[in-house]
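Trainee: Please find one structure pasted underneath; my questions will follow.
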Amino acid sequence: MIDLGTGDGRFVYQSARRNPHKFYIGIDAQARALEKVSEKIHRKPQKGGLPNVLFVQAAVEDLPSELDGVADELHIHFPWGSLLGAVASGDRAILASLRRVLAPEGLLEVIIGLDPDRDRAEIERLGVEDFSAEFLETVLTARYAVAGFDVLEYGVLEPGEWPRLETTWAHRLSGSAGRRLAYIIARAV
């Protein structure tokens, strides 16, 4: 399982603890975000170390070729910056890069959390559309299909569902009344 834009690695770390027989890779462009959790996984198991986790510093635009076809699952939770722009607009080159790391039939989960007021500057800078059901259905699913994905499901997560997302950002943003979480689940074809 790969978590792209992993930030502090909480989602990867918690998932790896629950599933010791599965291998997890957290990827983030910012090395600093990965420092603390990288140290933690290399401790003895009694002190929180996990042998089934790897953290990699890489940008979505330059994912290592060693990852080609290795992931059964690829998660992108609360992306920001260029990663947000790419998955929210259906950027063909970035989606092709995401498809490259997934094994055939692998699943992609994208969760985007935007507040139209608080995030206005970033939304405008990236040219991100609104995440209406119509946009997801007519525009984004077609762009994902061109990149080799079959969109299985899309929609908006209700605030009551946010706690199941074991990420620091889901926890921090859970009280934000204006924020909407749009999601896309797709299969690599």
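Simple scheme: letters A, B, ... for chains in structure tokens order, numbers from 1 for residues in each chain, numbers from 1 for ligands in the order shown.
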For region 97-112 of chain A, work out the shell of residues within 6 Å, counting only C-alpha atoms and skipping chain neighbours fewer than 3 positions away, then give it as a VMD selection string.

Mentor: chain A and resid 67 to 78 94 181 to 189

Trainee: Mind dumping the selected residues with N, CA and C atoms as a PDB file, in the first residue's frame?

Mentor:
```pdb
ATOM      1  N   LEU A  67       9.079   1.710  -7.962  1.00  0.00           N
ATOM      2  CA  LEU A  67       7.717   1.538  -7.459  1.00  0.00           C
ATOM      3  C   LEU A  67       6.729   1.092  -8.535  1.00  0.00           C
ATOM      4  N   ASP A  68       7.189   1.005  -9.771  1.00  0.00           N
ATOM      5  CA  ASP A  68       6.294   0.639 -10.873  1.00  0.00           C
ATOM      6  C   ASP A  68       5.582  -0.686 -10.592  1.00  0.00           C
ATOM      7  N   GLY A  69       4.264  -0.640 -10.562  1.00  0.00           N
ATOM      8  CA  GLY A  69       3.450  -1.836 -10.426  1.00  0.00           C
ATOM      9  C   GLY A  69       3.459  -2.512  -9.074  1.00  0.00           C
ATOM     10  N   VAL A  70       3.982  -1.886  -8.027  1.00  0.00           N
ATOM     11  CA  VAL A  70       4.099  -2.571  -6.735  1.00  0.00           C
ATOM     12  C   VAL A  70       2.883  -2.426  -5.831  1.00  0.00           C
ATOM     13  N   ALA A  71       2.039  -1.449  -6.057  1.00  0.00           N
ATOM     14  CA  ALA A  71       0.969  -1.150  -5.101  1.00  0.00           C
ATOM     15  C   ALA A  71      -0.358  -1.797  -5.474  1.00  0.00           C
ATOM     16  N   ASP A  72      -0.947  -2.455  -4.493  1.00  0.00           N
ATOM     17  CA  ASP A  72      -2.317  -2.938  -4.638  1.00  0.00           C
ATOM     18  C   ASP A  72      -3.298  -1.832  -4.296  1.00  0.00           C
ATOM     19  N   GLU A  73      -2.820  -0.865  -3.490  1.00  0.00           N
ATOM     20  CA  GLU A  73      -3.632   0.287  -3.089  1.00  0.00           C
ATOM     21  C   GLU A  73      -2.756   1.530  -3.124  1.00  0.00           C
ATOM     22  N   LEU A  74      -3.350   2.625  -3.561  1.00  0.00           N
ATOM     23  CA  LEU A  74      -2.687   3.926  -3.545  1.00  0.00           C
ATOM     24  C   LEU A  74      -3.673   4.916  -2.939  1.00  0.00           C
ATOM     25  N   HIS A  75      -3.271   5.527  -1.820  1.00  0.00           N
ATOM     26  CA  HIS A  75      -4.126   6.485  -1.121  1.00  0.00           C
ATOM     27  C   HIS A  75      -3.534   7.883  -1.235  1.00  0.00           C
ATOM     28  N   ILE A  76      -4.393   8.840  -1.507  1.00  0.00           N
ATOM     29  CA  ILE A  76      -4.002  10.246  -1.514  1.00  0.00           C
ATOM     30  C   ILE A  76      -5.052  10.978  -0.682  1.00  0.00           C
ATOM     31  N   HIS A  77      -4.674  11.303   0.544  1.00  0.00           N
ATOM     32  CA  HIS A  77      -5.604  11.941   1.475  1.00  0.00           C
ATOM     33  C   HIS A  77      -5.203  13.386   1.702  1.00  0.00           C
ATOM     34  N   PHE A  78      -6.108  14.308   1.458  1.00  0.00           N
ATOM     35  CA  PHE A  78      -5.903  15.728   1.701  1.00  0.00           C
ATOM     36  C   PHE A  78      -4.663  16.273   1.000  1.00  0.00           C
ATOM     37  N   ILE A  94       0.258  13.351 -14.497  1.00  0.00           N
ATOM     38  CA  ILE A  94       0.341  12.902 -13.095  1.00  0.00           C
ATOM     39  C   ILE A  94      -0.507  11.658 -12.888  1.00  0.00           C
ATOM     40  N   LEU A 181     -15.480  17.250   1.896  1.00  0.00           N
ATOM     41  CA  LEU A 181     -14.549  16.194   1.499  1.00  0.00           C
ATOM     42  C   LEU A 181     -15.128  15.448   0.312  1.00  0.00           C
ATOM     43  N   ALA A 182     -14.496  15.608  -0.828  1.00  0.00           N
ATOM     44  CA  ALA A 182     -14.890  14.871  -2.018  1.00  0.00           C
ATOM     45  C   ALA A 182     -13.950  13.670  -2.138  1.00  0.00           C
ATOM     46  N   TYR A 183     -14.482  12.563  -2.619  1.00  0.00           N
ATOM     47  CA  TYR A 183     -13.637  11.380  -2.765  1.00  0.00           C
ATOM     48  C   TYR A 183     -13.859  10.727  -4.129  1.00  0.00           C
ATOM     49  N   ILE A 184     -12.825  10.014  -4.535  1.00  0.00           N
ATOM     50  CA  ILE A 184     -12.852   9.240  -5.767  1.00  0.00           C
ATOM     51  C   ILE A 184     -12.199   7.900  -5.457  1.00  0.00           C
ATOM     52  N   ILE A 185     -12.839   6.827  -5.838  1.00  0.00           N
ATOM     53  CA  ILE A 185     -12.238   5.495  -5.737  1.00  0.00           C
ATOM     54  C   ILE A 185     -12.237   4.916  -7.146  1.00  0.00           C
ATOM     55  N   ALA A 186     -11.050   4.514  -7.585  1.00  0.00           N
ATOM     56  CA  ALA A 186     -10.905   4.032  -8.959  1.00  0.00           C
ATOM     57  C   ALA A 186     -10.046   2.769  -8.978  1.00  0.00           C
ATOM     58  N   ARG A 187     -10.216   1.982 -10.024  1.00  0.00           N
ATOM     59  CA  ARG A 187      -9.424   0.762 -10.221  1.00  0.00           C
ATOM     60  C   ARG A 187      -8.524   0.946 -11.429  1.00  0.00           C
ATOM     61  N   ALA A 188      -7.285   0.509 -11.285  1.00  0.00           N
ATOM     62  CA  ALA A 188      -6.345   0.558 -12.411  1.00  0.00           C
ATOM     63  C   ALA A 188      -6.739  -0.516 -13.426  1.00  0.00           C
ATOM     64  N   VAL A 189      -6.849  -0.103 -14.685  1.00  0.00           N
ATOM     65  CA  VAL A 189      -7.214  -1.056 -15.747  1.00  0.00           C
ATOM     66  C   VAL A 189      -6.064  -1.235 -16.713  1.00  0.00           C
TER      67      VAL A 189
END
```

Trainee: Do you know which residues are at most 10 Å from region 20-35 of chain A counting only C-alpha atoms, after dropping those on the same chain fewer than 3 positions away, and could you put them as a VMD selection string?

Mentor: chain A and resid 1 to 13 15 to 17 38 to 40 50 to 63 67 71 73 to 76 83

Trainee: Kindly export the residues of the current selection with N, CA and C atoms, as a short mmCIF file (atom, residue, chain, number, x, y, z; two decimals), in the first residue's frame.

Mentor:
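Heads up, here's the output in part10.cif:
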```cif
data_model
loop_
_atom_site.label_atom_id
_atom_site.label_comp_id
_atom_site.auth_asym_id
_atom_site.auth_seq_id
_atom_site.Cartn_x
_atom_site.Cartn_y
_atom_site.Cartn_z
N MET A 1 0.84 -1.16 0.00
CA MET A 1 0.00 0.00 0.00
C MET A 1 0.89 1.23 0.00
N ILE A 2 0.57 2.17 -0.84
CA ILE A 2 1.30 3.44 -0.91
C ILE A 2 0.37 4.56 -0.48
N ASP A 3 0.89 5.46 0.36
CA ASP A 3 0.19 6.67 0.75
C ASP A 3 1.01 7.83 0.20
N LEU A 4 0.48 8.49 -0.82
CA LEU A 4 1.19 9.58 -1.49
C LEU A 4 0.76 10.91 -0.89
N GLY A 5 1.75 11.73 -0.53
CA GLY A 5 1.48 12.96 0.20
C GLY A 5 1.23 12.62 1.66
N THR A 6 2.03 11.70 2.19
CA THR A 6 1.79 11.12 3.51
C THR A 6 1.96 12.08 4.67
N GLY A 7 2.62 13.22 4.44
CA GLY A 7 2.80 14.20 5.52
C GLY A 7 3.56 13.60 6.69
N ASP A 8 2.94 13.57 7.86
CA ASP A 8 3.62 13.05 9.04
C ASP A 8 3.59 11.53 9.13
N GLY A 9 2.97 10.85 8.17
CA GLY A 9 2.99 9.39 8.11
C GLY A 9 2.04 8.68 9.05
N ARG A 10 1.16 9.40 9.71
CA ARG A 10 0.25 8.79 10.69
C ARG A 10 -0.60 7.67 10.08
N PHE A 11 -1.18 7.93 8.91
CA PHE A 11 -2.03 6.93 8.26
C PHE A 11 -1.24 5.65 7.98
N VAL A 12 -0.03 5.79 7.44
CA VAL A 12 0.81 4.63 7.14
C VAL A 12 1.19 3.90 8.41
N TYR A 13 1.64 4.64 9.40
CA TYR A 13 2.09 4.03 10.66
C TYR A 13 0.96 3.25 11.34
N SER A 15 -1.82 2.08 9.99
CA SER A 15 -2.22 0.96 9.14
C SER A 15 -1.24 -0.19 9.26
N ALA A 16 0.05 0.11 9.29
CA ALA A 16 1.09 -0.92 9.40
C ALA A 16 1.03 -1.63 10.75
N ARG A 17 0.71 -0.91 11.79
CA ARG A 17 0.59 -1.53 13.12
C ARG A 17 -0.58 -2.52 13.14
N SER A 38 10.12 8.44 10.42
CA SER A 38 11.18 7.56 9.91
C SER A 38 12.05 7.06 11.04
N GLU A 39 12.35 7.93 11.99
CA GLU A 39 13.12 7.51 13.16
C GLU A 39 12.34 6.49 13.98
N LYS A 40 11.07 6.71 14.12
CA LYS A 40 10.22 5.85 14.94
C LYS A 40 10.15 4.42 14.39
N LEU A 50 8.58 -0.60 13.30
CA LEU A 50 7.77 -1.41 12.39
C LEU A 50 8.63 -1.82 11.19
N PRO A 51 8.82 -3.13 10.98
CA PRO A 51 9.63 -3.58 9.83
C PRO A 51 8.87 -3.57 8.51
N ASN A 52 7.57 -3.31 8.53
CA ASN A 52 6.75 -3.37 7.32
C ASN A 52 6.41 -1.99 6.76
N VAL A 53 7.30 -0.99 7.04
CA VAL A 53 7.06 0.38 6.59
C VAL A 53 8.33 0.94 5.97
N LEU A 54 8.14 1.72 4.92
CA LEU A 54 9.23 2.45 4.29
C LEU A 54 8.70 3.84 3.97
N PHE A 55 9.51 4.87 4.25
CA PHE A 55 9.15 6.23 3.87
C PHE A 55 10.13 6.72 2.81
N VAL A 56 9.59 7.37 1.79
CA VAL A 56 10.38 7.82 0.64
C VAL A 56 10.10 9.29 0.40
N GLN A 57 11.16 10.05 0.20
CA GLN A 57 10.99 11.45 -0.18
C GLN A 57 11.01 11.52 -1.70
N ALA A 58 9.88 11.91 -2.28
CA ALA A 58 9.78 12.04 -3.74
C ALA A 58 8.55 12.90 -4.06
N ALA A 59 8.64 13.61 -5.15
CA ALA A 59 7.51 14.39 -5.64
C ALA A 59 6.67 13.53 -6.57
N VAL A 60 5.40 13.83 -6.68
CA VAL A 60 4.51 13.07 -7.55
C VAL A 60 5.00 13.12 -9.00
N GLU A 61 5.64 14.20 -9.37
CA GLU A 61 6.14 14.35 -10.74
C GLU A 61 7.36 13.46 -11.02
N ASP A 62 7.95 12.89 -9.96
CA ASP A 62 9.19 12.12 -10.13
C ASP A 62 9.19 10.89 -9.22
N LEU A 63 8.16 10.08 -9.30
CA LEU A 63 8.10 8.87 -8.48
C LEU A 63 9.15 7.87 -8.95
N LEU A 67 9.08 1.71 -7.96
CA LEU A 67 7.72 1.54 -7.46
C LEU A 67 6.73 1.09 -8.54
N ALA A 71 2.04 -1.45 -6.06
CA ALA A 71 0.97 -1.15 -5.10
C ALA A 71 -0.36 -1.80 -5.47
N GLU A 73 -2.82 -0.86 -3.49
CA GLU A 73 -3.63 0.29 -3.09
C GLU A 73 -2.76 1.53 -3.12
N LEU A 74 -3.35 2.63 -3.56
CA LEU A 74 -2.69 3.93 -3.54
C LEU A 74 -3.67 4.92 -2.94
N HIS A 75 -3.27 5.53 -1.82
CA HIS A 75 -4.13 6.48 -1.12
C HIS A 75 -3.53 7.88 -1.23
N ILE A 76 -4.39 8.84 -1.51
CA ILE A 76 -4.00 10.25 -1.51
C ILE A 76 -5.05 10.98 -0.68
N LEU A 83 0.17 18.31 -6.04
CA LEU A 83 -0.56 17.04 -5.98
C LEU A 83 -2.07 17.30 -5.97
#
```

Trainee: Just checking: using only C-alpha atoms, which residue out of A:Tyr154, A:Ser89, A:Ala121, A:Leu114 ends up closest to Glu134 (chain A)?

Mentor: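 Closest to Glu134 (chain A), using only C-alpha atoms: A:Tyr154.
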
Trainee: Which polymer residues have any atom within 8 Å of an atom of Val128 (chain A), counting only C-alpha atoms, with same-chain residues fewer than 4 positions away left out, as number ranges by chain?

Mentor: A: 85, 88-89, 123-124

Trainee: Just the strand (DSSP E) stuff from chain A, please, per backbone DSSP, written as a ChimeraX atom specification.

Mentor: /A:2-4,24-28,53-57,71-77,102-114,149-157,180-188

Trainee: Please, what distance in Å, to one decimal, runs between CA of Ser132 (chain A) and CA of Pro116 (chain A)?

Mentor: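 That distance, rounded to one decimal, is 12.3 Å.
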